[in-house]
Amino acid sequence: GTDIRRGGAFYAAFMLGISNMRRRKTRTVLTLATVLLLTFTVLSFTSLQFMLRYVRIPWTEGAFRSGALIRDGSWKTLEDSVLEYAQNEFGQVGTVAPRAWYPKATRVMHGTQSAEATAAVGMTPEEKTVTGIDGCLVAGGWLEGEGIVLSDSLAADLGIGAADAGRTTVRVFGREFPVTGILSSERLKGLKDLDGEPLTPVDFGVTPEDVLSGLQTTPQQAAQVSQQVGRTASTVGIHVYKHLEPARVIFLPYRTLRDLGGVGHWLGAATGSLRSVAVRFQDGVDVGQVVEGFVSRLELTIFGSVPGPGGQAKVFVFSSLDAASVSGLSSLIVPMIIAALIVLNTMMGAVYERFRDISIYSSVGLAPTHIGLLFVAESCVYAVIGAVGGYLVAQAVGRFLLVTGLLGGLTLNYSSLSAVLAMGLVMAVVMLSTLYPARKAAQMAVPDVTRRWKLSDPEGDRWLFEFPFTVSGRDVKGLFTFLETYFRAYSRYSLGEFYAEEVRLVEEETPEGPAYTIRMQMWLAPFDMGVSQEVALRAVPAGPHGIYEIEMVLERLSGEFQAWTRTNRQFLTLLRKQFLIWRTLSDEVREGYAHREELKIEN
């Protein structure tokens, strides 16, 4: 019942608007034809073009090489196809070095001694050419064959000295690996890649926010880092992460770590995953041009170092963003303005033509907003039917031209996003053209400056005012019987907007004719405020034409004065809705209320 009361007025306004269109069929058809042709024109002469826009964001300065670094902004696993694309794209102009991670604790055995490594990294012999990691060696050489490289801390725990490099083996993942070299943990910790981060795996147990809060920097440096992280995160999705300490990391051949499937799964471990691909370009290579060509093929973030003066290189973040442009729209501005003016002129003519109808709607209690909604309902019909009809006509015309060969090989695509954009544009033009006529209709419903019904001020504890409704003498008895039924429904419980008791309908004789009064005692919600009053709703004959005016008298019994006036405004809104619902009832239902015998009228 509450939903019906709230939506009934809007539904009735829409239905009245549509019925007015049926009464003026010729005008409706011509207006729909205008909107239909506008939709067909917009669909046929506009197109939506998509393109890639490259973004180059400065990252750091002073890079040690001219190259590139391919990785995910959040260090997620890369597909193997990324390495294949990188080798095909950069293999002829530089050296490509993939990196794989196994970011889990691993047991390393050497004889009877053992130590725990926090992660394993898979690299290739080309890594020393790309990053110069062999400069961090304190003994032996870089990865060769099926060897393994340990940190100096792990080697010490296993009892392996510098002289043992290349002469002893360790057992990892159930296999024996010769120790080819030992790395200095301090040197490796200072070796940074193009993104400014170490070569060891990320510690995923630490969030980027934790890293920022734990940076040992000056306030100015911390502000610069925070600003840079925020900018890149919003643009290309790159964050700063903390990496594992090099002292507990082992290095294996890339292919060996990737091929540990059988042994790794048998031992309950996972294989290494590709996390990044590093590239070192040859001298004379245009890094910006080569990297942008690669970005267009993969939706990945690439760090590229561009050589600068003095042998230093500046690192940029290369990324691509989707961009769209609409072509042909400028040539349709004049047709759209003409169509908008046609709709505006049609709706303005309808407003002034229906001046008498608007007066009737206002006299029966329809709000100015609802009267304006009549014309908005018409524009909705014009917009929807015109846009859909124009789309169907465009499809039919395009099919005809294609079958007859009149397009000369040109293809019309009415199923793209541009079609949706065109239809939405036409519907917006039609709806906007109706706002002013709808506003004028609402102003004609209430010609003075008062847009809402305002209550008079109460005099002490007595509040007397006229209700903004009139009713004919034929319907007055049925209306008050209907209202008495409504009030009696609130005398059975006290959980609604009000509670009424001693509801009675009284008929009184006056010189102009019989008058009807509903008297009751009422408590208003919220009930904890204790607001109660005596209510008298009267229908008084006014003039010789059988028209009745509605007046109401409220007598405050209890409750604060401010609470009494405030809660009554909500009660009067509910009562006004009941008058509107009465207008929507059929004649048979009204007659039934007028002749109900179970509701006796007191004299």
# chains A, B, ... in the order shown; residues from 1 in each chain; ligands from 1

call {"tool": "residues_around", "arguments": {"residues": "Asn20 in chain A", "least_positions_apart": "2", "cutoff": "12 Å", "atoms": "only C-alpha atoms", "output": "list in words"}}
result
Ala13, Phe14, Met15, Leu16, Gly17, Ile18, Arg22, Arg23, Arg24, Lys25, Thr26, Arg27, Thr28, Met347, Ala350, Val351, Glu353, Arg354, Asp357, Ile358, Leu374, Phe375, Ala377, Glu378, Ser379 and Val381 of chain A

call {"tool": "write_last_selection", "arguments": {"atoms": "C-alpha atoms", "output": "JSON list (two decimals), in the first residue's frame"}}
result
[["chain", "number", "residue", "atom", "x", "y", "z"],
["A", 13, "ALA", "CA", 1.37, 11.27, -14.90],
["A", 14, "PHE", "CA", 3.22, 9.02, -17.35],
["A", 15, "MET", "CA", 0.03, 7.32, -18.48],
["A", 16, "LEU", "CA", -1.68, 10.70, -19.02],
["A", 17, "GLY", "CA", 1.27, 11.88, -21.09],
["A", 18, "ILE", "CA", 1.15, 8.82, -23.32],
["A", 22, "ARG", "CA", -2.61, 9.02, -28.83],
["A", 23, "ARG", "CA", -5.09, 11.88, -29.10],
["A", 24, "ARG", "CA", -2.78, 13.75, -31.50],
["A", 25, "LYS", "CA", -1.64, 10.99, -33.83],
["A", 26, "THR", "CA", -0.45, 13.13, -36.75],
["A", 27, "ARG", "CA", 1.78, 15.33, -34.61],
["A", 28, "THR", "CA", 3.15, 12.29, -32.79],
["A", 347, "MET", "CA", 6.49, 20.49, -27.03],
["A", 350, "ALA", "CA", 1.63, 21.28, -26.86],
["A", 351, "VAL", "CA", 2.04, 23.17, -23.59],
["A", 353, "GLU", "CA", -2.46, 24.11, -26.56],
["A", 354, "ARG", "CA", -3.23, 22.19, -23.38],
["A", 357, "ASP", "CA", -6.08, 20.62, -19.57],
["A", 358, "ILE", "CA", -3.31, 21.87, -17.30],
["A", 374, "LEU", "CA", 3.42, 14.62, -18.52],
["A", 375, "PHE", "CA", 5.64, 16.23, -21.15],
["A", 377, "ALA", "CA", 6.84, 11.14, -20.50],
["A", 378, "GLU", "CA", 6.12, 12.15, -24.09],
["A", 379, "SER", "CA", 9.77, 12.98, -24.72],
["A", 381, "VAL", "CA", 8.54, 7.89, -25.85]]

call {"tool": "residues_around", "arguments": {"residues": "Ala163 in chain A", "least_positions_apart": "3", "cutoff": "12 Å", "atoms": "only C-alpha atoms", "output": "list of chain:residue names"}}
result
A:Val138, A:Ala139, A:Gly140, A:Ala155, A:Gly159, A:Ile160, A:Gly166, A:Arg167, A:Thr168, A:Val179, A:Thr180, A:Gly181, A:Ile182

call {"tool": "closest_residue", "arguments": {"among": "A:Ser81, A:Glu127, A:Leu402, A:Ala542", "to": "Ser472 in chain A", "atoms": "only C-alpha atoms"}}
result
A:Ala542

call {"tool": "residues_around", "arguments": {"residues": "Ala33 in chain A", "least_positions_apart": "2", "cutoff": "10 Å", "atoms": "only C-alpha atoms", "output": "PyMOL selection string"}}
result
chain A and resi 27-31+35-39+382+385-386+389-390

call {"tool": "residues_around", "arguments": {"residues": "Arg474 in chain A", "least_positions_apart": "2", "cutoff": "10 Å", "atoms": "only C-alpha atoms", "output": "count of residues only"}}
result
12
